[in-house]
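Text of data-v5.pdb, listed as PDB, C-alpha atoms:
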MODEL        1
ATOM      1  CA  MET A  28       0.000   0.000   0.000
ATOM      2  CA  GLN A  29       2.051   2.882  -1.293
ATOM      3  CA  LYS A  30       1.401   6.611  -1.573
ATOM      4  CA  LEU A  31      -1.033   6.565   1.363
ATOM      5  CA  LYS A  32      -1.056   9.663   3.558
ATOM      6  CA  ILE A  33      -3.133  11.367   6.214
ATOM      7  CA  LYS A  34      -3.565  15.116   5.838
ATOM      8  CA  GLY A  35      -5.655  16.518   8.640
ATOM      9  CA  LYS A  36      -9.166  15.075   8.359
ATOM     10  CA  TRP A  37      -8.453  13.336   5.060
ATOM     11  CA  LEU A  38      -6.814  10.157   3.867
ATOM     12  CA  GLU A  39      -5.078  10.574   0.505
ATOM     13  CA  TYR A  40      -4.122   7.801  -1.902
ATOM     14  CA  THR A  41      -2.371   8.326  -5.231
ATOM     15  CA  VAL A  42      -3.318   5.666  -7.786
ATOM     16  CA  ASP A  43      -0.338   3.918  -9.357
ATOM     17  CA  GLN A  44      -0.007   1.724 -12.464
ATOM     18  CA  PHE A  45      -1.126  -1.446 -10.664
ATOM     19  CA  PHE A  46      -4.634  -0.093 -10.080
ATOM     20  CA  ILE A  47      -5.394   1.491 -13.438
ATOM     21  CA  GLY A  48      -8.938   0.641 -14.511
ATOM     22  CA  ILE A  49     -10.356  -0.505 -11.180
ATOM     23  CA  THR A  50     -13.358   1.313  -9.778
ATOM     24  CA  LEU A  51     -13.275   3.709  -6.870
ATOM     25  CA  GLU A  52     -15.365   1.257  -4.831
ATOM     26  CA  GLU A  53     -12.926  -1.593  -5.510
ATOM     27  CA  LEU A  54     -10.007   0.564  -4.405
ATOM     28  CA  LEU A  55     -11.794   1.572  -1.217
ATOM     29  CA  LYS A  56     -12.749  -1.980  -0.274
ATOM     30  CA  ASP A  57      -9.827  -4.085  -1.483
ATOM     31  CA  THR A  58      -6.852  -1.733  -1.144
ATOM     32  CA  LEU A  59      -7.840   0.729   1.572
ATOM     33  CA  SER A  60      -9.799  -1.847   3.650
ATOM     34  CA  ILE A  61     -12.852   0.388   4.084
ATOM     35  CA  SER A  62     -16.102  -1.434   4.805
ATOM     36  CA  GLY A  63     -19.133  -1.228   2.536
ATOM     37  CA  ARG A  64     -21.157   0.361   5.312
ATOM     38  CA  ARG A  65     -18.526   3.037   5.817
ATOM     39  CA  ILE A  66     -18.321   3.659   2.060
ATOM     40  CA  GLN A  67     -22.072   4.277   1.868
ATOM     41  CA  LYS A  68     -21.874   6.702   4.768
ATOM     42  CA  LEU A  69     -18.996   8.555   3.101
ATOM     43  CA  THR A  70     -20.975   8.769  -0.143
ATOM     44  CA  ARG A  71     -23.966  10.341   1.609
ATOM     45  CA  SER A  72     -21.844  12.794   3.614
ATOM     46  CA  LYS A  73     -19.598  14.038   0.786
ATOM     47  CA  GLY A  74     -16.602  12.221   2.164
ATOM     48  CA  LEU A  75     -15.181  10.868  -1.116
ATOM     49  CA  TYR A  76     -13.313  12.801  -3.800
ATOM     50  CA  VAL A  77     -11.164  12.003  -6.828
ATOM     51  CA  ASN A  78      -8.901  14.858  -7.897
ATOM     52  CA  ASN A  79     -10.836  17.199  -5.586
ATOM     53  CA  LYS A  80     -14.157  16.411  -7.280
ATOM     54  CA  LYS A  81     -17.056  14.421  -5.862
ATOM     55  CA  SER A  82     -17.021  11.042  -7.590
ATOM     56  CA  TYR A  83     -19.249   8.027  -8.167
ATOM     57  CA  LEU A  84     -18.264   4.626  -6.769
ATOM     58  CA  ASN A  85     -18.172   3.021 -10.227
ATOM     59  CA  LYS A  86     -15.700   5.577 -11.594
ATOM     60  CA  LYS A  87     -12.741   3.887 -13.302
ATOM     61  CA  LEU A  88      -9.447   5.166 -11.935
ATOM     62  CA  LYS A  89      -6.313   6.069 -13.854
ATOM     63  CA  GLU A  90      -2.671   6.456 -12.866
ATOM     64  CA  GLY A  91      -2.002   9.623 -10.890
ATOM     65  CA  ASP A  92      -5.576  10.073  -9.659
ATOM     66  CA  ILE A  93      -5.671  11.348  -6.080
ATOM     67  CA  VAL A  94      -8.401   9.723  -4.005
ATOM     68  CA  LYS A  95      -9.427  11.563  -0.829
ATOM     69  CA  VAL A  96     -11.427   9.921   1.954
ATOM     70  CA  ARG A  97     -12.619  11.757   5.047
ATOM     71  CA  ILE A  98     -11.522   9.889   8.182
ATOM     72  CA  GLU A  99     -12.542  12.443  10.813
ATOM     73  CA  GLU A 100     -14.430  10.750  13.618
ATOM     74  CA  SER A 101     -16.866  12.052  16.178
ATOM     75  CA  VAL A 102     -16.040  11.079  19.751
ATOM     76  CA  THR A 103     -19.144  10.359  21.821
ATOM     77  CA  ASP A 104     -17.723   8.017  24.444
ATOM     78  CA  LYS A 105     -14.345   9.260  25.576
ATOM     79  CA  VAL A 106     -12.414   9.007  28.805
ATOM     80  CA  LYS A 107     -11.946  12.020  31.033
ATOM     81  CA  PRO A 108      -8.864  14.006  29.948
ATOM     82  CA  GLN A 109      -6.157  14.209  32.605
ATOM     83  CA  ALA A 110      -2.937  16.213  32.358
ATOM     84  CA  MET A 111       0.005  13.828  32.450
ATOM     85  CA  ASP A 112       3.719  13.888  31.679
ATOM     86  CA  LEU A 113       3.771  11.493  28.705
ATOM     87  CA  ASP A 114       7.058  10.109  27.411
ATOM     88  CA  ILE A 115       6.194  10.095  23.694
ATOM     89  CA  ILE A 116       8.989   8.329  21.829
ATOM     90  CA  TYR A 117       7.363   8.363  18.366
ATOM     91  CA  GLU A 118       4.528  10.241  16.700
ATOM     92  CA  ASP A 119       3.220  10.725  13.171
ATOM     93  CA  GLU A 120      -0.191  11.352  11.604
ATOM     94  CA  TRP A 121      -1.173   7.716  12.184
ATOM     95  CA  LEU A 122      -0.035   6.776  15.655
ATOM     96  CA  LEU A 123       1.693   7.490  18.942
ATOM     97  CA  ILE A 124       4.176   5.292  20.779
ATOM     98  CA  VAL A 125       4.524   6.055  24.480
ATOM     99  CA  ASN A 126       7.132   4.745  26.909
ATOM    100  CA  LYS A 127       4.773   3.789  29.751
ATOM    101  CA  PRO A 128       6.160   3.791  33.277
ATOM    102  CA  ALA A 129       5.561   0.806  35.532
ATOM    103  CA  GLY A 130       2.618   1.268  37.883
ATOM    104  CA  LEU A 131       0.431   3.198  35.428
ATOM    105  CA  LYS A 132      -2.748   1.464  34.255
ATOM    106  CA  VAL A 133      -3.352   1.485  30.514
ATOM    107  CA  TYR A 134      -7.099   2.042  30.744
ATOM    108  CA  GLN A 135      -9.885   2.420  33.280
ATOM    109  CA  THR A 136     -11.122  -0.609  35.193
ATOM    110  CA  ASN A 137     -13.743   1.422  37.066
ATOM    111  CA  LYS A 138     -15.451   4.796  36.626
ATOM    112  CA  GLU A 139     -13.573   6.394  39.503
ATOM    113  CA  ASP A 140     -10.162   5.620  38.013
ATOM    114  CA  ASN A 141      -9.092   8.689  36.029
ATOM    115  CA  LEU A 142      -5.320   8.351  36.349
ATOM    116  CA  THR A 143      -4.655   5.963  33.495
ATOM    117  CA  LEU A 144      -2.608   6.223  30.332
ATOM    118  CA  ALA A 145      -5.868   6.559  28.392
ATOM    119  CA  ASN A 146      -6.770   9.673  30.401
ATOM    120  CA  GLY A 147      -3.367  11.189  29.725
ATOM    121  CA  ILE A 148      -3.581  10.501  25.995
ATOM    122  CA  GLN A 149      -7.090  11.971  25.780
ATOM    123  CA  TYR A 150      -5.760  15.173  27.398
ATOM    124  CA  TYR A 151      -2.856  15.233  24.931
ATOM    125  CA  TYR A 152      -5.244  14.831  21.990
ATOM    126  CA  GLU A 153      -7.480  17.668  23.129
ATOM    127  CA  ASP A 154      -4.492  19.902  23.838
ATOM    128  CA  LYS A 155      -3.238  19.299  20.280
ATOM    129  CA  GLY A 156      -6.668  19.626  18.660
ATOM    130  CA  ILE A 157      -6.831  15.959  17.676
ATOM    131  CA  VAL A 158     -10.423  14.696  17.487
ATOM    132  CA  SER A 159     -10.241  11.023  18.391
ATOM    133  CA  GLY A 160     -10.920   8.440  21.021
ATOM    134  CA  VAL A 161      -8.002   6.520  22.498
ATOM    135  CA  HIS A 162      -7.323   3.427  20.356
ATOM    136  CA  PHE A 163      -4.749   1.082  21.915
ATOM    137  CA  VAL A 164      -3.287  -1.340  19.370
ATOM    138  CA  HIS A 165      -2.085  -3.688  22.137
ATOM    139  CA  ARG A 166      -1.927  -3.632  25.933
ATOM    140  CA  LEU A 167       0.630  -3.740  28.717
ATOM    141  CA  ASP A 168       0.141  -4.931  32.281
ATOM    142  CA  THR A 169       0.033  -2.160  34.874
ATOM    143  CA  ASN A 170       3.460  -3.092  36.260
ATOM    144  CA  THR A 171       5.088  -3.694  32.883
ATOM    145  CA  SER A 172       6.977  -0.693  31.536
ATOM    146  CA  GLY A 173       7.850   0.310  28.006
ATOM    147  CA  ALA A 174       6.610   0.958  24.497
ATOM    148  CA  ILE A 175       2.890   0.874  23.773
ATOM    149  CA  MET A 176       1.259   1.816  20.456
ATOM    150  CA  ILE A 177      -1.866   3.971  20.151
ATOM    151  CA  ALA A 178      -3.649   4.702  16.865
ATOM    152  CA  LYS A 179      -4.719   8.316  16.345
ATOM    153  CA  ASN A 180      -8.013   7.487  14.631
ATOM    154  CA  SER A 181     -10.262   4.473  14.103
ATOM    155  CA  TYR A 182      -9.060   3.917  10.532
ATOM    156  CA  ALA A 183      -5.415   3.765  11.600
ATOM    157  CA  HIS A 184      -6.450   1.426  14.409
ATOM    158  CA  HIS A 185      -8.144  -0.873  11.902
ATOM    159  CA  LEU A 186      -5.022  -1.058   9.715
ATOM    160  CA  LEU A 187      -2.670  -1.551  12.676
ATOM    161  CA  ALA A 188      -4.922  -4.274  14.099
ATOM    162  CA  LYS A 189      -4.646  -6.068  10.749
ATOM    163  CA  GLN A 190      -0.849  -5.830  10.952
ATOM    164  CA  LEU A 191      -0.965  -7.202  14.493
ATOM    165  CA  THR A 192      -3.114 -10.153  13.435
ATOM    166  CA  ALA A 193      -0.778 -10.847  10.504
ATOM    167  CA  ASN A 194       2.211 -10.740  12.893
ATOM    168  CA  GLN A 195       3.650  -7.731  11.026
ATOM    169  CA  ILE A 196       3.923  -5.765  14.259
ATOM    170  CA  LYS A 197       6.858  -7.151  16.240
ATOM    171  CA  ARG A 198       6.895  -6.592  19.996
ATOM    172  CA  GLN A 199      10.175  -7.289  21.730
ATOM    173  CA  TYR A 200      10.466  -7.382  25.510
ATOM    174  CA  LEU A 201      13.317  -7.553  27.984
ATOM    175  CA  ALA A 202      12.726  -9.829  30.977
ATOM    176  CA  ILE A 203      14.847 -10.977  33.903
ATOM    177  CA  VAL A 204      13.944 -14.488  35.007
ATOM    178  CA  ASP A 205      14.847 -16.773  37.867
ATOM    179  CA  GLY A 206      17.462 -19.450  37.204
ATOM    180  CA  GLU A 207      19.759 -20.415  34.345
ATOM    181  CA  LEU A 208      18.101 -21.540  31.106
ATOM    182  CA  ASN A 209      19.406 -24.706  29.500
ATOM    183  CA  GLU A 210      18.663 -23.508  25.972
ATOM    184  CA  LEU A 211      19.961 -20.109  24.833
ATOM    185  CA  THR A 212      17.093 -19.739  22.344
ATOM    186  CA  GLY A 213      13.689 -21.324  22.270
ATOM    187  CA  THR A 214       9.974 -21.130  21.609
ATOM    188  CA  ILE A 215       7.273 -21.692  24.211
ATOM    189  CA  ASP A 216       4.125 -22.802  22.402
ATOM    190  CA  LEU A 217       1.584 -23.536  25.128
ATOM    191  CA  PRO A 218      -2.110 -22.562  25.333
ATOM    192  CA  ILE A 219      -3.166 -20.082  28.011
ATOM    193  CA  ALA A 220      -6.528 -20.078  29.780
ATOM    194  CA  LYS A 221      -8.220 -18.105  32.531
ATOM    195  CA  LEU A 222      -7.842 -19.573  35.993
ATOM    196  CA  ALA A 223     -11.352 -20.173  37.339
ATOM    197  CA  SER A 224     -10.294 -19.780  40.967
ATOM    198  CA  ALA A 225      -8.617 -16.367  40.468
ATOM    199  CA  VAL A 226      -9.972 -13.606  38.227
ATOM    200  CA  ASN A 227      -6.624 -11.911  37.616
ATOM    201  CA  ARG A 228      -4.544 -15.013  36.912
ATOM    202  CA  ARG A 229      -3.932 -17.120  33.839
ATOM    203  CA  THR A 230      -2.516 -20.611  33.465
ATOM    204  CA  VAL A 231      -1.227 -23.026  30.841
ATOM    205  CA  HIS A 232      -4.067 -25.400  29.997
ATOM    206  CA  LYS A 233      -5.102 -27.456  26.979
ATOM    207  CA  THR A 234      -8.474 -25.666  26.829
ATOM    208  CA  GLY A 235      -6.808 -22.260  26.460
ATOM    209  CA  ASP A 236      -6.003 -20.117  23.439
ATOM    210  CA  GLN A 237      -2.819 -20.631  21.464
ATOM    211  CA  ALA A 238       0.078 -18.579  22.801
ATOM    212  CA  ILE A 239       3.569 -18.477  21.279
ATOM    213  CA  THR A 240       6.579 -16.847  22.942
ATOM    214  CA  ASN A 241      10.063 -16.778  21.393
ATOM    215  CA  TYR A 242      13.091 -16.000  23.510
ATOM    216  CA  ALA A 243      16.860 -15.574  23.351
ATOM    217  CA  VAL A 244      19.164 -15.361  26.348
ATOM    218  CA  VAL A 245      21.134 -12.113  26.376
ATOM    219  CA  LYS A 246      23.203 -12.862  29.452
ATOM    220  CA  GLN A 247      22.905 -15.241  32.385
ATOM    221  CA  ASN A 248      24.616 -16.754  35.387
ATOM    222  CA  LYS A 249      23.732 -19.687  37.627
ATOM    223  CA  ARG A 250      20.888 -17.789  39.333
ATOM    224  CA  PHE A 251      19.413 -15.332  36.841
ATOM    225  CA  ALA A 252      18.957 -14.729  33.113
ATOM    226  CA  VAL A 253      18.241 -11.659  30.994
ATOM    227  CA  VAL A 254      16.118 -12.764  28.050
ATOM    228  CA  GLU A 255      14.910 -10.988  24.942
ATOM    229  CA  VAL A 256      11.327 -12.058  24.268
ATOM    230  CA  THR A 257       9.358 -11.712  21.028
ATOM    231  CA  LEU A 258       5.630 -12.392  20.971
ATOM    232  CA  GLU A 259       3.777 -14.088  18.143
ATOM    233  CA  THR A 260       0.499 -13.827  20.043
ATOM    234  CA  GLY A 261      -0.661 -11.387  22.699
ATOM    235  CA  LYS A 262      -2.509 -13.180  25.471
ATOM    236  CA  THR A 263      -2.978 -11.646  28.912
ATOM    237  CA  HIS A 264       0.132 -12.197  31.084
ATOM    238  CA  GLN A 265       1.588 -14.393  28.312
ATOM    239  CA  ILE A 266       5.295 -13.884  29.053
ATOM    240  CA  ARG A 267       4.767 -14.171  32.802
ATOM    241  CA  VAL A 268       2.678 -17.351  32.528
ATOM    242  CA  HIS A 269       4.968 -19.064  30.030
ATOM    243  CA  PHE A 270       8.209 -18.481  31.922
ATOM    244  CA  SER A 271       6.601 -19.461  35.209
ATOM    245  CA  HIS A 272       5.339 -22.678  33.632
ATOM    246  CA  ILE A 273       8.800 -23.724  32.433
ATOM    247  CA  GLY A 274      10.267 -23.085  35.864
ATOM    248  CA  HIS A 275      11.784 -19.640  35.289
ATOM    249  CA  PRO A 276       9.329 -17.028  36.661
ATOM    250  CA  LEU A 277      10.150 -13.359  36.294
ATOM    251  CA  ILE A 278      11.990 -11.669  39.135
ATOM    252  CA  GLY A 279       9.508  -9.707  41.238
ATOM    253  CA  ASP A 280       6.474 -11.473  39.739
ATOM    254  CA  THR A 281       5.047 -12.832  42.976
ATOM    255  CA  LEU A 282       1.666 -13.507  41.299
ATOM    256  CA  TYR A 283       3.287 -16.266  39.247
ATOM    257  CA  GLY A 284       5.827 -17.545  41.740
ATOM    258  CA  GLY A 285       8.712 -15.216  40.954
ATOM    259  CA  PRO A 286      11.129 -14.384  43.766
ATOM    260  CA  SER A 287      10.866 -10.932  45.314
ATOM    261  CA  ASN A 288      13.896  -8.669  45.116
ATOM    262  CA  LYS A 289      14.619  -5.553  47.158
ATOM    263  CA  THR A 290      15.864  -3.731  44.045
ATOM    264  CA  ILE A 291      12.591  -3.922  42.093
ATOM    265  CA  SER A 292       8.999  -3.714  43.311
ATOM    266  CA  ARG A 293       7.318  -5.230  40.247
ATOM    267  CA  GLN A 294       7.843  -7.927  37.619
ATOM    268  CA  ALA A 295      11.098  -7.368  35.733
ATOM    269  CA  LEU A 296       9.496  -6.918  32.316
ATOM    270  CA  HIS A 297       9.950  -4.063  29.844
ATOM    271  CA  SER A 298       8.477  -3.557  26.373
ATOM    272  CA  HIS A 299      11.754  -2.670  24.690
ATOM    273  CA  LYS A 300      11.063  -2.436  20.943
ATOM    274  CA  ILE A 301       8.147  -2.177  18.539
ATOM    275  CA  SER A 302       8.423  -2.606  14.768
ATOM    276  CA  TRP A 303       5.662  -2.075  12.212
ATOM    277  CA  LEU A 304       5.128  -1.341   8.524
ATOM    278  CA  ASP A 305       4.934   2.377   7.824
ATOM    279  CA  PHE A 306       1.763   3.120   5.826
ATOM    280  CA  GLU A 307       3.257   5.744   3.535
ATOM    281  CA  ASN A 308       5.983   3.516   2.062
ATOM    282  CA  MET A 309       5.465   0.076   3.710
ATOM    283  CA  GLN A 310       8.994   0.150   5.113
ATOM    284  CA  LEU A 311       9.740  -1.414   8.481
ATOM    285  CA  ARG A 312      10.079   1.093  11.317
ATOM    286  CA  THR A 313      11.471   0.292  14.750
ATOM    287  CA  VAL A 314      11.165   2.317  17.938
ATOM    288  CA  VAL A 315      13.146   1.564  21.107
ATOM    289  CA  ALA A 316      11.959   2.400  24.631
ATOM    290  CA  GLU A 317      14.814   3.171  26.993
ATOM    291  CA  ILE A 318      15.297   0.599  29.753
ATOM    292  CA  PRO A 319      14.125   2.063  33.089
ATOM    293  CA  ASN A 320      16.354   2.594  36.095
ATOM    294  CA  ASP A 321      14.879  -0.171  38.252
ATOM    295  CA  ILE A 322      15.711  -2.851  35.672
ATOM    296  CA  HIS A 323      19.217  -1.437  35.159
ATOM    297  CA  GLU A 324      19.720  -1.492  38.915
ATOM    298  CA  LEU A 325      18.420  -5.047  39.143
ATOM    299  CA  MET A 326      20.814  -6.217  36.433
ATOM    300  CA  ASN A 327      23.668  -4.495  38.218
ATOM    301  CA  SER A 328      22.738  -5.973  41.609
ATOM    302  CA  ILE A 329      22.729  -9.518  40.242
ATOM    303  CA  ASP A 330      25.835  -8.912  38.117
ATOM    304  CA  LEU A 331      23.954  -8.978  34.797
ATOM    305  CA  ASP A 332      24.324  -5.358  33.672
ATOM    306  CA  SER A 333      25.271  -5.254  29.992
TER     307      SER A 333
ENDMDL
END
Turn this file's structure into structure tokens for me.
Amino acid sequence: MQKLKIKGKWLEYTVDQFFIGITLEELLKDTLSISGRRIQKLTRSKGLYVNNKKSYLNKKLKEGDIVKVRIEESVTDKVKPQAMDLDIIYEDEWLLIVNKPAGLKVYQTNKEDNLTLANGIQYYYEDKGIVSGVHFVHRLDTNTSGAIMIAKNSYAHHLLAKQLTANQIKRQYLAIVDGELNELTGTIDLPIAKLASAVNRRTVHKTGDQAITNYAVVKQNKRFAVVEVTLETGKTHQIRVHFSHIGHPLIGDTLYGGPSNKTISRQALHSHKISWLDFENMQLRTVVAEIPNDIHELMNSIDLDS
């Protein structure tokens, strides 16, 4: 998908030689992934143009035509904006990537909770004049730090969700686990299910959903290991559950049997890198979230600083 841009309230696509002769409707559905229902709404509300002129859906396109689609959204159900010091490590017209601190919830779990990342992002949007709800592409546990991706409108969220499903968005984590791993690289492919006896816990069970975790040991000694983890799926507590199941729970993750450590007050897990396909040229982009002080200090205290 080349030559795709967002300019304010409008999505712009420049038709290239591969799409000469297809109709506007075919381009919208097959190339731009816009639903038929949305297309009809855009038609009625003057939200579709070809070369700055209102166009019919059956219009045959030619090379160089500029298709414009209105993607502005009305926000009727938004979280309460809350001023917050956001560590934004990447931003463009499509998305934000924020380096989330440990201890900050991603979204509200009750109506009284207005100090979440979602509240902070809503405030940022309103301060910048961005009309949008808060669209998280993936989630992080409250006590997991690091990079999290947020789409800046529902259309961008739809496209990023498709990339996530197709495993085109790569999420790489840094974890410190208990014990020395026998294999320096490996894949944990074990289904994860909810634990009936505890609402907030998950477990490996044959009735669960498929969950795949790849890992590589960065550095280790007889007692601890720093591992680089890449997810192929994104189940709740996936990394924590998988490493606990194979006998190497995360340091500080007392929920899943990890040993406590005076240096860190949470699970030693950080979302370190995110890669995705840029929509304007379909090139791979990678953003790195700086490792926080508590994990650096933990690595130093157990002689695993690198």
**OP:** May I have the protein, DNA and RNA residues with any atom at most 6 Å from the point (14.6, -11.9, 23.5), counting only C-alpha atoms, written as a PyMOL selection string?
**Re:** chain A and resi 242-243+254-257
Original post:
Residues picked by the PyMOL selection byres ((chain A and resi 177) around 7) here, as a ChimeraX atom specification?
Top reply: /A:122-124,162-164,175-176,178-179
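Matched in the shown structure by the PyMOL selection byres ((chain A and resi 97) around 7): A:Lys36, A:Trp37, A:Leu38, A:Gly74, A:Leu75, A:Lys95, A:Val96, A:Ile98, A:Glu99.
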Put a box with edges along x, y and z around all the listed atoms of stretch 88-92 of chain A, pad it by 6 Å on each side, then give me its centre and sizes in Å, one decimal, as lines of an AutoDock Vina configuration file.
center_x = -5.7
center_y = 7.6
center_z = -11.8
size_x = 19.4
size_y = 16.9
size_z = 16.2
Original post:
Skipping near chain neighbours, those fewer than 3 positions away, what residues fall within 9 Å of stretch 303-310 of chain A using all atoms listed in the file, listed as a ChimeraX atom specification?
Top reply: /A:28-33,121,186-187,190-191,195-197,313
**OP:** Check what the PyMOL selection byres ((chain A and resi 218) around 6) selects in the file above and give those residues as a PyMOL selection string.
**Re:** chain A and resi 217+219+231-233+235-238
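We find atom CA of A:Val268 and atom CA of A:Arg198 to be spaced 17.0 Å apart.
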Original post:
Please, what distance in Å, to one decimal, runs between atom CA of A:Asp321 and atom CA of A:Gly285?
Top reply: 16.5 Å
Original post:
What is the atom CA of A:Ser82 to atom CA of A:Val158 distance in Å?
Top reply: 26.2 Å
Original post:
If you count all atoms listed in the file, which residues fall within 10 Å of A:Ile148, apart from same-chain ones fewer than 4 positions away, as a ChimeraX atom specification?
Top reply: /A:106-113,123,125,143-144,152-154,160-162,177,179
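The closest residue to A:Val244, picked from A:Glu100, A:Leu331, A:Ser271, A:Ile291 and counting all atoms listed in the file, is A:Leu331.
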Would you mind putting back all heavy atoms on stretch 238-245 of chain A, then writing it out as an mmCIF file, in the coordinates of the input?
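Final output, rebuild.cif:
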data_model
loop_
_atom_site.group_PDB
_atom_site.id
_atom_site.type_symbol
_atom_site.label_atom_id
_atom_site.label_comp_id
_atom_site.auth_asym_id
_atom_site.auth_seq_id
_atom_site.Cartn_x
_atom_site.Cartn_y
_atom_site.Cartn_z
ATOM 1 N N ALA A 238 -0.828 -19.657 22.405
ATOM 2 C CA ALA A 238 0.078 -18.579 22.801
ATOM 3 C C ALA A 238 1.508 -18.999 22.472
ATOM 4 O O ALA A 238 1.940 -20.088 22.865
ATOM 5 C CB ALA A 238 -0.066 -18.282 24.294
ATOM 6 N N ILE A 239 2.217 -18.140 21.741
ATOM 7 C CA ILE A 239 3.569 -18.477 21.279
ATOM 8 C C ILE A 239 4.530 -17.372 21.709
ATOM 9 O O ILE A 239 4.348 -16.201 21.368
ATOM 10 C CB ILE A 239 3.623 -18.657 19.757
ATOM 11 C CG1 ILE A 239 2.630 -19.742 19.306
ATOM 12 C CG2 ILE A 239 5.033 -19.008 19.297
ATOM 13 C CD1 ILE A 239 2.493 -19.865 17.802
ATOM 14 N N THR A 240 5.567 -17.768 22.444
ATOM 15 C CA THR A 240 6.579 -16.847 22.942
ATOM 16 C C THR A 240 7.954 -17.319 22.499
ATOM 17 O O THR A 240 8.344 -18.457 22.783
ATOM 18 C CB THR A 240 6.546 -16.794 24.488
ATOM 19 O OG1 THR A 240 5.236 -16.419 24.924
ATOM 20 C CG2 THR A 240 7.562 -15.812 25.023
ATOM 21 N N ASN A 241 8.689 -16.468 21.791
ATOM 22 C CA ASN A 241 10.063 -16.778 21.393
ATOM 23 C C ASN A 241 11.030 -16.036 22.311
ATOM 24 O O ASN A 241 10.763 -14.902 22.705
ATOM 25 C CB ASN A 241 10.314 -16.354 19.938
ATOM 26 C CG ASN A 241 9.375 -17.048 18.965
ATOM 27 O OD1 ASN A 241 9.311 -18.265 18.919
ATOM 28 N ND2 ASN A 241 8.630 -16.280 18.196
ATOM 29 N N TYR A 242 12.144 -16.667 22.626
ATOM 30 C CA TYR A 242 13.091 -16.000 23.510
ATOM 31 C C TYR A 242 14.535 -16.291 23.112
ATOM 32 O O TYR A 242 14.833 -17.299 22.446
ATOM 33 C CB TYR A 242 12.872 -16.413 24.974
ATOM 34 C CG TYR A 242 13.302 -17.820 25.307
ATOM 35 C CD1 TYR A 242 14.624 -18.099 25.690
ATOM 36 C CD2 TYR A 242 12.405 -18.874 25.241
ATOM 37 C CE1 TYR A 242 15.027 -19.395 25.980
ATOM 38 C CE2 TYR A 242 12.806 -20.171 25.531
ATOM 39 C CZ TYR A 242 14.107 -20.431 25.908
ATOM 40 O OH TYR A 242 14.512 -21.714 26.188
ATOM 41 N N ALA A 243 15.418 -15.392 23.519
ATOM 42 C CA ALA A 243 16.860 -15.574 23.351
ATOM 43 C C ALA A 243 17.537 -15.020 24.593
ATOM 44 O O ALA A 243 17.236 -13.905 25.032
ATOM 45 C CB ALA A 243 17.364 -14.849 22.100
ATOM 46 N N VAL A 244 18.445 -15.800 25.159
ATOM 47 C CA VAL A 244 19.164 -15.361 26.348
ATOM 48 C C VAL A 244 20.205 -14.322 25.950
ATOM 49 O O VAL A 244 21.016 -14.545 25.054
ATOM 50 C CB VAL A 244 19.852 -16.557 27.050
ATOM 51 C CG1 VAL A 244 20.726 -16.068 28.206
ATOM 52 C CG2 VAL A 244 18.801 -17.551 27.551
ATOM 53 N N VAL A 245 20.156 -13.170 26.615
ATOM 54 C CA VAL A 245 21.134 -12.113 26.376
ATOM 55 C C VAL A 245 22.362 -12.329 27.243
ATOM 56 O O VAL A 245 23.505 -12.220 26.792
ATOM 57 C CB VAL A 245 20.517 -10.724 26.671
ATOM 58 C CG1 VAL A 245 21.553 -9.614 26.485
ATOM 59 C CG2 VAL A 245 19.307 -10.477 25.778
#
